[in-house]
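Shown next: input.cif, given as mmCIF, C-alpha atoms.
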data_query
#
loop_
_atom_site.group_PDB
_atom_site.id
_atom_site.type_symbol
_atom_site.label_atom_id
_atom_site.label_comp_id
_atom_site.auth_asym_id
_atom_site.auth_seq_id
_atom_site.Cartn_x
_atom_site.Cartn_y
_atom_site.Cartn_z
ATOM 1 C CA MET A 1 16.223 13.912 -13.254
ATOM 2 C CA SER A 2 16.911 17.644 -13.560
ATOM 3 C CA VAL A 3 19.580 19.417 -11.508
ATOM 4 C CA TYR A 4 16.815 21.181 -9.550
ATOM 5 C CA SER A 5 15.118 17.863 -8.788
ATOM 6 C CA LYS A 6 18.396 16.380 -7.584
ATOM 7 C CA LEU A 7 18.961 19.364 -5.285
ATOM 8 C CA ALA A 8 15.405 19.098 -3.980
ATOM 9 C CA GLU A 9 15.905 15.385 -3.272
ATOM 10 C CA ASN A 10 18.977 16.183 -1.185
ATOM 11 C CA LEU A 11 16.733 18.039 1.260
ATOM 12 C CA GLN A 12 15.676 14.681 2.702
ATOM 13 C CA TYR A 13 19.172 14.352 4.203
ATOM 14 C CA ILE A 14 19.353 17.919 5.491
ATOM 15 C CA SER A 15 15.813 18.541 6.732
ATOM 16 C CA PRO A 16 13.494 15.519 6.457
ATOM 17 C CA THR A 17 10.536 17.422 7.928
ATOM 18 C CA PHE A 18 10.815 20.287 5.432
ATOM 19 C CA TYR A 19 11.389 17.827 2.596
ATOM 20 C CA LYS A 20 8.237 15.863 3.489
ATOM 21 C CA SER A 21 6.198 19.050 3.597
ATOM 22 C CA ARG A 22 7.285 19.884 0.044
ATOM 23 C CA PHE A 23 7.254 16.389 -1.432
ATOM 24 C CA PHE A 24 3.772 15.533 -0.144
ATOM 25 C CA LYS A 25 2.289 19.030 -0.459
ATOM 26 C CA LYS A 26 -0.667 17.882 -2.580
ATOM 27 C CA LEU A 27 -1.762 15.593 0.279
ATOM 28 C CA LYS A 28 -2.066 18.545 2.662
ATOM 29 C CA GLY A 29 -5.438 20.224 3.039
ATOM 30 C CA LEU A 30 -7.270 17.630 0.968
ATOM 31 C CA ASP A 31 -11.041 17.809 0.769
ATOM 32 C CA ALA A 32 -13.772 16.452 -1.468
ATOM 33 C CA HIS A 33 -13.514 19.468 -3.765
ATOM 34 C CA ASN A 34 -9.817 19.503 -4.572
ATOM 35 C CA LEU A 35 -8.556 15.935 -4.471
ATOM 36 C CA LEU A 36 -9.304 15.023 -8.081
ATOM 37 C CA ALA A 37 -7.932 18.325 -9.343
ATOM 38 C CA ARG A 38 -4.724 17.517 -7.479
ATOM 39 C CA LYS A 39 -4.717 14.044 -9.055
ATOM 40 C CA VAL A 40 -4.887 12.292 -5.705
ATOM 41 C CA GLU A 41 -6.600 8.962 -5.137
ATOM 42 C CA PRO A 42 -9.767 9.596 -3.075
ATOM 43 C CA GLU A 43 -8.755 6.729 -0.785
ATOM 44 C CA PHE A 44 -6.230 9.085 0.841
ATOM 45 C CA LEU A 45 -9.136 11.192 2.036
ATOM 46 C CA TRP A 46 -11.284 8.242 3.055
ATOM 47 C CA ILE A 47 -8.767 6.209 5.049
ATOM 48 C CA LYS A 48 -7.993 8.860 7.630
ATOM 49 C CA ASN A 49 -11.657 9.309 8.397
ATOM 50 C CA ILE A 50 -12.432 5.658 9.048
ATOM 51 C CA LEU A 51 -9.454 4.913 11.302
ATOM 52 C CA SER A 52 -9.711 5.757 14.984
ATOM 53 C CA LYS A 53 -6.710 7.307 16.732
ATOM 54 C CA ASP A 54 -5.768 3.980 18.344
ATOM 55 C CA ALA A 55 -6.056 1.904 15.143
ATOM 56 C CA VAL A 56 -3.216 -0.338 13.979
ATOM 57 C CA PHE A 57 -2.324 0.153 10.311
ATOM 58 C CA MET A 58 -0.132 -1.953 8.032
ATOM 59 C CA ASP A 59 1.265 -0.659 4.734
ATOM 60 C CA VAL A 60 2.491 -3.470 2.476
ATOM 61 C CA GLY A 61 4.391 -1.877 -0.373
ATOM 62 C CA ALA A 62 4.919 1.476 1.341
ATOM 63 C CA ASN A 63 6.742 2.876 -1.700
ATOM 64 C CA VAL A 64 7.623 6.569 -1.179
ATOM 65 C CA GLY A 65 5.490 6.782 1.977
ATOM 66 C CA ALA A 66 2.362 8.648 0.865
ATOM 67 C CA TYR A 67 0.073 6.696 3.197
ATOM 68 C CA LEU A 68 2.592 6.980 6.024
ATOM 69 C CA PHE A 69 2.574 10.759 5.569
ATOM 70 C CA THR A 70 -1.225 10.795 5.553
ATOM 71 C CA LEU A 71 -1.471 8.845 8.809
ATOM 72 C CA GLU A 72 1.699 9.637 10.777
ATOM 73 C CA ASN A 73 0.066 12.456 12.784
ATOM 74 C CA HIS A 74 -3.287 10.699 13.021
ATOM 75 C CA LEU A 75 -2.167 7.352 14.442
ATOM 76 C CA LYS A 76 0.410 6.453 17.067
ATOM 77 C CA PRO A 77 3.699 5.767 15.238
ATOM 78 C CA GLU A 78 4.157 2.501 17.129
ATOM 79 C CA ASN A 79 0.832 1.374 15.604
ATOM 80 C CA ILE A 80 2.052 1.821 12.024
ATOM 81 C CA TYR A 81 3.827 -1.088 10.302
ATOM 82 C CA ALA A 82 5.358 -0.622 6.861
ATOM 83 C CA PHE A 83 7.001 -3.089 4.467
ATOM 84 C CA GLU A 84 9.148 -1.944 1.551
ATOM 85 C CA PRO A 85 11.697 -4.347 -0.004
ATOM 86 C CA ASN A 86 13.198 -1.869 -2.483
ATOM 87 C CA PRO A 87 16.529 -1.034 -0.748
ATOM 88 C CA GLN A 88 16.619 2.580 -1.918
ATOM 89 C CA LEU A 89 13.031 3.320 -0.933
ATOM 90 C CA PHE A 90 13.459 1.498 2.395
ATOM 91 C CA LYS A 91 16.404 3.721 3.347
ATOM 92 C CA ARG A 92 14.432 6.779 2.262
ATOM 93 C CA LEU A 93 11.464 5.771 4.436
ATOM 94 C CA GLY A 94 13.809 5.342 7.390
ATOM 95 C CA ARG A 95 14.979 8.929 7.020
ATOM 96 C CA LEU A 96 11.493 10.362 6.594
ATOM 97 C CA PHE A 97 9.519 8.197 9.026
ATOM 98 C CA PRO A 98 11.937 7.106 11.767
ATOM 99 C CA LYS A 99 9.229 6.503 14.384
ATOM 100 C CA VAL A 100 7.131 3.917 12.531
ATOM 101 C CA ASN A 101 7.890 0.190 12.351
ATOM 102 C CA LEU A 102 9.735 -0.375 9.065
ATOM 103 C CA SER A 103 10.761 -3.679 7.501
ATOM 104 C CA SER A 104 12.658 -4.403 4.282
ATOM 105 C CA VAL A 105 11.115 -7.877 4.010
ATOM 106 C CA ALA A 106 8.958 -8.534 0.940
ATOM 107 C CA LEU A 107 5.706 -10.239 1.911
ATOM 108 C CA SER A 108 4.549 -13.245 -0.112
ATOM 109 C CA ASP A 109 3.488 -16.878 0.457
ATOM 110 C CA ILE A 110 6.939 -18.480 0.822
ATOM 111 C CA SER A 111 10.162 -17.909 2.763
ATOM 112 C CA THR A 112 13.035 -17.402 0.361
ATOM 113 C CA ILE A 113 15.492 -14.994 -1.196
ATOM 114 C CA ALA A 114 14.010 -13.738 -4.457
ATOM 115 C CA GLU A 115 14.713 -11.337 -7.274
ATOM 116 C CA PHE A 116 13.027 -7.949 -7.013
ATOM 117 C CA LYS A 117 12.636 -6.137 -10.318
ATOM 118 C CA ILE A 118 13.012 -2.396 -10.852
ATOM 119 C CA PRO A 119 12.007 -1.337 -14.388
ATOM 120 C CA VAL A 120 14.053 1.104 -16.433
ATOM 121 C CA ILE A 121 11.943 3.480 -18.532
ATOM 122 C CA ASN A 122 13.402 6.250 -20.690
ATOM 123 C CA GLY A 123 16.811 5.605 -19.178
ATOM 124 C CA GLU A 124 15.691 5.992 -15.548
ATOM 125 C CA LYS A 125 15.196 3.421 -12.821
ATOM 126 C CA ILE A 126 11.548 3.635 -11.748
ATOM 127 C CA HIS A 127 11.903 2.560 -8.135
ATOM 128 C CA THR A 128 8.218 3.139 -7.420
ATOM 129 C CA ARG A 129 7.234 0.304 -9.802
ATOM 130 C CA GLY A 130 9.366 -2.410 -8.190
ATOM 131 C CA THR A 131 7.857 -5.898 -7.964
ATOM 132 C CA LEU A 132 8.561 -9.544 -7.167
ATOM 133 C CA GLN A 133 6.649 -10.403 -10.342
ATOM 134 C CA THR A 134 9.646 -10.148 -12.648
ATOM 135 C CA SER A 135 7.631 -11.216 -15.699
ATOM 136 C CA ILE A 136 5.447 -8.091 -15.560
ATOM 137 C CA LYS A 137 6.465 -5.522 -18.157
ATOM 138 C CA GLU A 138 5.642 -1.857 -17.800
ATOM 139 C CA LYS A 139 4.713 0.292 -20.767
ATOM 140 C CA ASN A 140 7.903 1.470 -22.519
ATOM 141 C CA GLU A 141 10.068 -0.632 -20.213
ATOM 142 C CA GLU A 142 13.454 -0.929 -21.895
ATOM 143 C CA ASN A 143 15.560 -2.660 -19.252
ATOM 144 C CA THR A 144 15.367 -4.319 -15.852
ATOM 145 C CA ILE A 145 17.391 -4.048 -12.650
ATOM 146 C CA LEU A 146 17.229 -7.147 -10.443
ATOM 147 C CA GLN A 147 18.055 -7.115 -6.732
ATOM 148 C CA LYS A 148 17.956 -9.890 -4.144
ATOM 149 C CA VAL A 149 15.463 -9.410 -1.305
ATOM 150 C CA GLU A 150 14.301 -11.447 1.674
ATOM 151 C CA VAL A 151 10.783 -12.822 1.251
ATOM 152 C CA LYS A 152 8.513 -13.992 4.091
ATOM 153 C CA PRO A 153 4.832 -14.768 4.604
ATOM 154 C CA LEU A 154 3.275 -12.332 7.049
ATOM 155 C CA ASP A 155 1.963 -15.313 9.004
ATOM 156 C CA ASP A 156 5.548 -16.387 9.723
ATOM 157 C CA LEU A 157 6.394 -12.945 11.072
ATOM 158 C CA VAL A 158 3.304 -12.911 13.286
ATOM 159 C CA PHE A 159 3.111 -16.518 14.491
ATOM 160 C CA ASP A 160 6.546 -18.158 14.002
ATOM 161 C CA GLU A 161 8.027 -18.533 17.497
ATOM 162 C CA VAL A 162 11.605 -18.702 16.199
ATOM 163 C CA TYR A 163 11.247 -15.414 14.366
ATOM 164 C CA ILE A 164 9.432 -13.779 17.255
ATOM 165 C CA GLU A 165 12.157 -14.845 19.684
ATOM 166 C CA ARG A 166 14.831 -13.562 17.297
ATOM 167 C CA SER A 167 13.005 -10.238 17.156
ATOM 168 C CA ARG A 168 12.851 -10.072 20.953
ATOM 169 C CA ASN A 169 16.575 -10.744 21.190
ATOM 170 C CA ALA A 170 17.163 -7.915 18.741
ATOM 171 C CA GLN A 171 14.901 -5.710 20.896
ATOM 172 C CA THR A 172 12.616 -4.916 17.981
ATOM 173 C CA ASP A 173 9.282 -6.623 18.754
ATOM 174 C CA LYS A 174 8.042 -5.056 15.518
ATOM 175 C CA LEU A 175 5.174 -7.470 14.945
ATOM 176 C CA ASN A 176 4.092 -7.899 18.541
ATOM 177 C CA PHE A 177 0.672 -6.319 17.967
ATOM 178 C CA GLN A 178 -2.569 -7.265 19.685
ATOM 179 C CA GLN A 179 -4.844 -5.831 17.022
ATOM 180 C CA LEU A 180 -4.697 -5.079 13.311
ATOM 181 C CA ASP A 181 -7.381 -2.798 11.921
ATOM 182 C CA PHE A 182 -6.366 -1.969 8.364
ATOM 183 C CA VAL A 183 -4.001 -3.469 5.784
ATOM 184 C CA LYS A 184 -3.168 -1.582 2.584
ATOM 185 C CA ILE A 185 -1.485 -3.690 -0.116
ATOM 186 C CA ASP A 186 0.155 -2.307 -3.249
ATOM 187 C CA VAL A 187 2.647 -4.856 -4.539
ATOM 188 C CA GLU A 188 2.424 -4.639 -8.332
ATOM 189 C CA GLY A 189 0.880 -8.013 -9.161
ATOM 190 C CA ASN A 190 1.968 -9.998 -6.088
ATOM 191 C CA GLU A 191 -1.299 -9.372 -4.213
ATOM 192 C CA MET A 192 -2.612 -12.914 -4.030
ATOM 193 C CA GLN A 193 0.692 -14.372 -2.880
ATOM 194 C CA THR A 194 0.879 -11.671 -0.203
ATOM 195 C CA LEU A 195 -2.689 -12.322 0.956
ATOM 196 C CA ARG A 196 -2.367 -16.109 0.962
ATOM 197 C CA GLY A 197 0.782 -15.779 3.044
ATOM 198 C CA ALA A 198 -1.167 -13.608 5.497
ATOM 199 C CA LYS A 199 -4.390 -15.633 5.667
ATOM 200 C CA LYS A 200 -3.922 -16.801 9.248
ATOM 201 C CA THR A 201 -3.231 -13.227 10.378
ATOM 202 C CA ILE A 202 -6.248 -11.950 8.445
ATOM 203 C CA GLU A 203 -8.515 -14.632 9.929
ATOM 204 C CA LYS A 204 -7.369 -13.769 13.451
ATOM 205 C CA PHE A 205 -7.630 -9.972 13.309
ATOM 206 C CA LYS A 206 -10.231 -9.414 10.540
ATOM 207 C CA PRO A 207 -8.796 -6.083 9.365
ATOM 208 C CA ILE A 208 -10.163 -3.977 6.548
ATOM 209 C CA LEU A 209 -8.156 -4.803 3.425
ATOM 210 C CA MET A 210 -7.472 -2.270 0.693
ATOM 211 C CA VAL A 211 -5.732 -4.028 -2.174
ATOM 212 C CA GLU A 212 -4.597 -2.490 -5.441
ATOM 213 C CA MET A 213 -5.575 -5.110 -8.040
ATOM 214 C CA GLU A 214 -5.545 -4.801 -11.822
ATOM 215 C CA GLN A 215 -6.256 -7.362 -14.532
ATOM 216 C CA ARG A 216 -3.178 -6.218 -16.477
ATOM 217 C CA HIS A 217 -0.992 -7.646 -13.706
ATOM 218 C CA HIS A 218 -2.651 -11.083 -13.655
ATOM 219 C CA ASP A 219 -3.057 -14.026 -16.008
ATOM 220 C CA ASP A 220 -5.949 -15.384 -13.916
ATOM 221 C CA ASN A 221 -9.352 -13.741 -14.124
ATOM 222 C CA LEU A 222 -9.324 -10.863 -11.654
ATOM 223 C CA TRP A 223 -12.899 -11.397 -10.472
ATOM 224 C CA THR A 224 -12.032 -15.014 -9.614
ATOM 225 C CA LEU A 225 -9.155 -13.792 -7.454
ATOM 226 C CA ILE A 226 -11.338 -11.169 -5.757
ATOM 227 C CA SER A 227 -13.974 -13.818 -5.092
ATOM 228 C CA GLU A 228 -11.370 -15.982 -3.366
ATOM 229 C CA ILE A 229 -10.690 -13.204 -0.863
ATOM 230 C CA ALA A 230 -14.427 -12.606 -0.378
ATOM 231 C CA GLU A 231 -14.816 -16.262 0.625
ATOM 232 C CA TRP A 232 -12.594 -15.576 3.626
ATOM 233 C CA GLY A 233 -15.464 -13.566 5.107
ATOM 234 C CA PHE A 234 -15.341 -10.164 3.407
ATOM 235 C CA SER A 235 -17.652 -7.979 1.364
ATOM 236 C CA VAL A 236 -16.143 -6.468 -1.799
ATOM 237 C CA ASN A 237 -16.353 -2.714 -2.274
ATOM 238 C CA TYR A 238 -14.896 0.327 -3.993
ATOM 239 C CA LEU A 239 -14.888 4.016 -3.134
ATOM 240 C CA ASP A 240 -17.340 5.885 -5.351
ATOM 241 C CA ARG A 241 -15.729 9.010 -6.791
ATOM 242 C CA GLU A 242 -18.844 11.192 -6.578
ATOM 243 C CA SER A 243 -20.313 10.292 -3.203
ATOM 244 C CA LEU A 244 -16.973 9.300 -1.610
ATOM 245 C CA LYS A 245 -18.811 6.404 -0.004
ATOM 246 C CA LEU A 246 -18.264 2.711 -0.349
ATOM 247 C CA LYS A 247 -20.308 0.833 -2.936
ATOM 248 C CA THR A 248 -20.527 -2.869 -3.630
ATOM 249 C CA LEU A 249 -18.163 -3.921 -6.400
ATOM 250 C CA THR A 250 -19.687 -6.048 -9.160
ATOM 251 C CA GLU A 251 -17.974 -8.072 -11.863
ATOM 252 C CA GLU A 252 -19.650 -5.909 -14.502
ATOM 253 C CA PHE A 253 -18.285 -2.686 -12.967
ATOM 254 C CA LEU A 254 -14.826 -4.235 -12.622
ATOM 255 C CA ASN A 255 -14.765 -5.209 -16.296
ATOM 256 C CA GLN A 256 -15.551 -1.622 -17.284
ATOM 257 C CA GLN A 257 -12.207 -0.398 -15.913
ATOM 258 C CA ASN A 258 -9.853 0.652 -18.710
ATOM 259 C CA PRO A 259 -6.134 0.469 -17.817
ATOM 260 C CA ASP A 260 -5.472 3.319 -20.266
ATOM 261 C CA ASN A 261 -7.057 5.528 -17.578
ATOM 262 C CA VAL A 262 -4.692 4.342 -14.828
ATOM 263 C CA LYS A 263 -3.657 7.900 -13.905
ATOM 264 C CA ASN A 264 -7.213 9.227 -14.074
ATOM 265 C CA TYR A 265 -8.447 8.762 -10.523
ATOM 266 C CA LYS A 266 -11.966 9.846 -11.436
ATOM 267 C CA ASP A 267 -12.522 7.213 -14.114
ATOM 268 C CA TYR A 268 -10.252 4.358 -13.050
ATOM 269 C CA ILE A 269 -10.610 2.356 -9.847
ATOM 270 C CA ASN A 270 -8.053 -0.246 -8.849
ATOM 271 C CA ASN A 271 -8.232 -0.149 -5.058
ATOM 272 C CA ILE A 272 -10.518 -2.979 -3.974
ATOM 273 C CA ILE A 273 -11.765 -2.581 -0.404
ATOM 274 C CA PHE A 274 -12.653 -5.713 1.531
ATOM 275 C CA LEU A 275 -14.712 -5.211 4.682
ATOM 276 C CA PRO A 276 -15.078 -7.947 7.300
ATOM 277 C CA SER A 277 -18.609 -9.274 6.891
ATOM 278 C CA LEU A 278 -19.763 -8.059 10.319
ATOM 279 C CA GLN A 279 -18.417 -4.536 9.829
ATOM 280 C CA GLU A 280 -20.511 -1.732 8.377
ATOM 281 C CA PRO A 281 -18.876 0.946 6.195
ATOM 282 C CA GLN A 282 -18.039 4.131 8.108
ATOM 283 C CA THR A 283 -18.623 6.720 5.430
ATOM 284 C CA ASP A 284 -20.803 9.408 6.956
ATOM 285 C CA LYS A 285 -18.063 11.650 8.312
ATOM 286 C CA ASN A 286 -17.015 14.814 6.539
ATOM 287 C CA LEU A 287 -14.052 13.845 4.419
ATOM 288 C CA GLU A 288 -11.294 16.302 5.175
ATOM 289 C CA LEU A 289 -7.629 16.019 6.031
#
Could the structure of this file be written out as structure tokens, please?
Amino acid sequence: MSVYSKLAENLQYISPTFYKSRFFKKLKGLDAHNLLARKVEPEFLWIKNILSKDAVFMDVGANVGAYLFTLENHLKPENIYAFEPNPQLFKRLGRLFPKVNLSSVALSDISTIAEFKIPVINGEKIHTRGTLQTSIKEKNEENTILQKVEVKPLDDLVFDEVYIERSRNAQTDKLNFQQLDFVKIDVEGNEMQTLRGAKKTIEKFKPILMVEMEQRHHDDNLWTLISEIAEWGFSVNYLDRESLKLKTLTEEFLNQQNPDNVKNYKDYINNIIFLPSLQEPQTDKNLEL
């Protein structure tokens, strides 16, 4: 990191609001004409337009907080729940988004203490690529940093009376929600474990699911995994880059995705959008932030 970059990063301690404005500047003023030129995933434009002001949103794998920034002035902060197990990123999110519900727990399908991997590429820790799937290797990964993190199924956090009572005693009540409208999951290969550990919650609330899923992160056939989620009562969709409307995802279209284009948001799609079967896509609004 350059000296200038280090100085810029220090702004988060001095003026979090100003820092956010600079760090997330390409997410401001997004519209259908400039988002690809800015190299922004079109889903950032879409999500704000389908969520009502009173929606409850959950960000699993909040990372640096891009979706929190997109939604923090659109939704009530008490209706935003974010999970980020990377200790450094979790502390950063606390500085930048103090009003939302933040948790450092990693969501999966078991309760345990597990190793969380941060890859080292070109001599730098890439905190944004952290994962519970320690066997996954990034391109040009030369080393690995392992940290211990608490792991819980979402269902335990929502339905386990012992945990809920502990939360009440701590005066947090973080997961005491009565509705859940949208769940975004970006957990670098741990998607199915996260979803299976949240199945009871998903069946109760029937939220829209937006899950980043890529074959390169899975040994099992990706379409088989997607089909498992569909069997829970969801249609399988993706956001078309030209119309900015949802289209039905097919196995043929999925197999056409080339991971070499991972940073090309026009030609590569890895956000799979699962709609509850009774819900119709809301895609007719003008897409502007």
Problem set entry | Polymer residues at most 8 Å from range 101-110 of chain A, all atoms listed in the file, same-chain spacing of 6 or more positions, as a VMD selection string | chain A and resid 60 77 to 87 90 93 to 94 149 to 154 174 190 193 to 198
Per-axis box centre and lengths in Å around range 214-217 of chain A, 5 Å margin per side, axis-aligned, as AutoDock Vina command-line options:
--center_x -3.6 --center_y -6.2 --center_z -14.1 --size_x 15.3 --size_y 12.8 --size_z 14.7
Exercise. So what does the PyMOL selection byres ((chain A and resi 134) around 8) actually pick up in this one, as JSON, numbers by chain?
Worked result: {"A": [115, 116, 117, 131, 132, 133, 135, 136, 137]}
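Separating CA of Lys48 in chain A from CA of Arg241 in chain A is a distance of 16.4 Å.
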For this session: Excluding range 212-216 of chain A and any residue of its chain fewer than 4 positions from it, enumerate the residues within 9 Å of it, using all atoms listed in the file, and give them as number ranges by chain.
Result: A: 136, 184-189, 191, 220-223, 226, 255, 257, 259, 269-273
For range 28-37 of chain A, find every residue with an atom within 10 Å (counting all atoms listed in the file), except residues of its own chain fewer than 5 positions away, and show them as a compact mmCIF listing (two decimals) with C-alpha atoms, in the frame of the given file.
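To be explicit, this is the file written out as out_27.txt:
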# COMPACT_ATOMS: atom_id res chain seq x y z
CA SER A 21 6.20 19.05 3.60
CA ARG A 22 7.28 19.88 0.04
CA PRO A 42 -9.77 9.60 -3.08
CA GLU A 43 -8.76 6.73 -0.78
CA PHE A 44 -6.23 9.09 0.84
CA LEU A 45 -9.14 11.19 2.04
CA TRP A 46 -11.28 8.24 3.06
CA PHE A 69 2.57 10.76 5.57
CA THR A 70 -1.23 10.80 5.55
CA ARG A 241 -15.73 9.01 -6.79
CA GLU A 242 -18.84 11.19 -6.58
CA SER A 243 -20.31 10.29 -3.20
CA LEU A 244 -16.97 9.30 -1.61
CA ASN A 264 -7.21 9.23 -14.07
CA TYR A 265 -8.45 8.76 -10.52
CA LYS A 266 -11.97 9.85 -11.44
CA ASN A 286 -17.02 14.81 6.54
CA LEU A 287 -14.05 13.84 4.42
CA GLU A 288 -11.29 16.30 5.18
CA LEU A 289 -7.63 16.02 6.03
Problem set entry | Length of the CA of Glu138 in chain A to CA of Leu209 in chain A vector [Å] | 25.5 Å
For this session: Work out how far CA of Asn63 in chain A is from CA of Val120 in chain A, in Å to one decimal.
Result: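 If I compute the distance from CA of Val120 in chain A to CA of Asn63 in chain A, I get 16.5 Å.
Residue nearest Val158 in chain A within the list A:Gln179, A:Asn237, A:Thr224, A:Thr112: A:Gln179 [criterion: smallest interatomic distance, all atoms listed in the file].
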For this session: Excluding Thr248 in chain A and any residue of its chain fewer than 4 positions from it, enumerate the residues within 8 Å of it, using only C-alpha atoms, and give them as a ChimeraX atom specification.
Result: /A:235-238
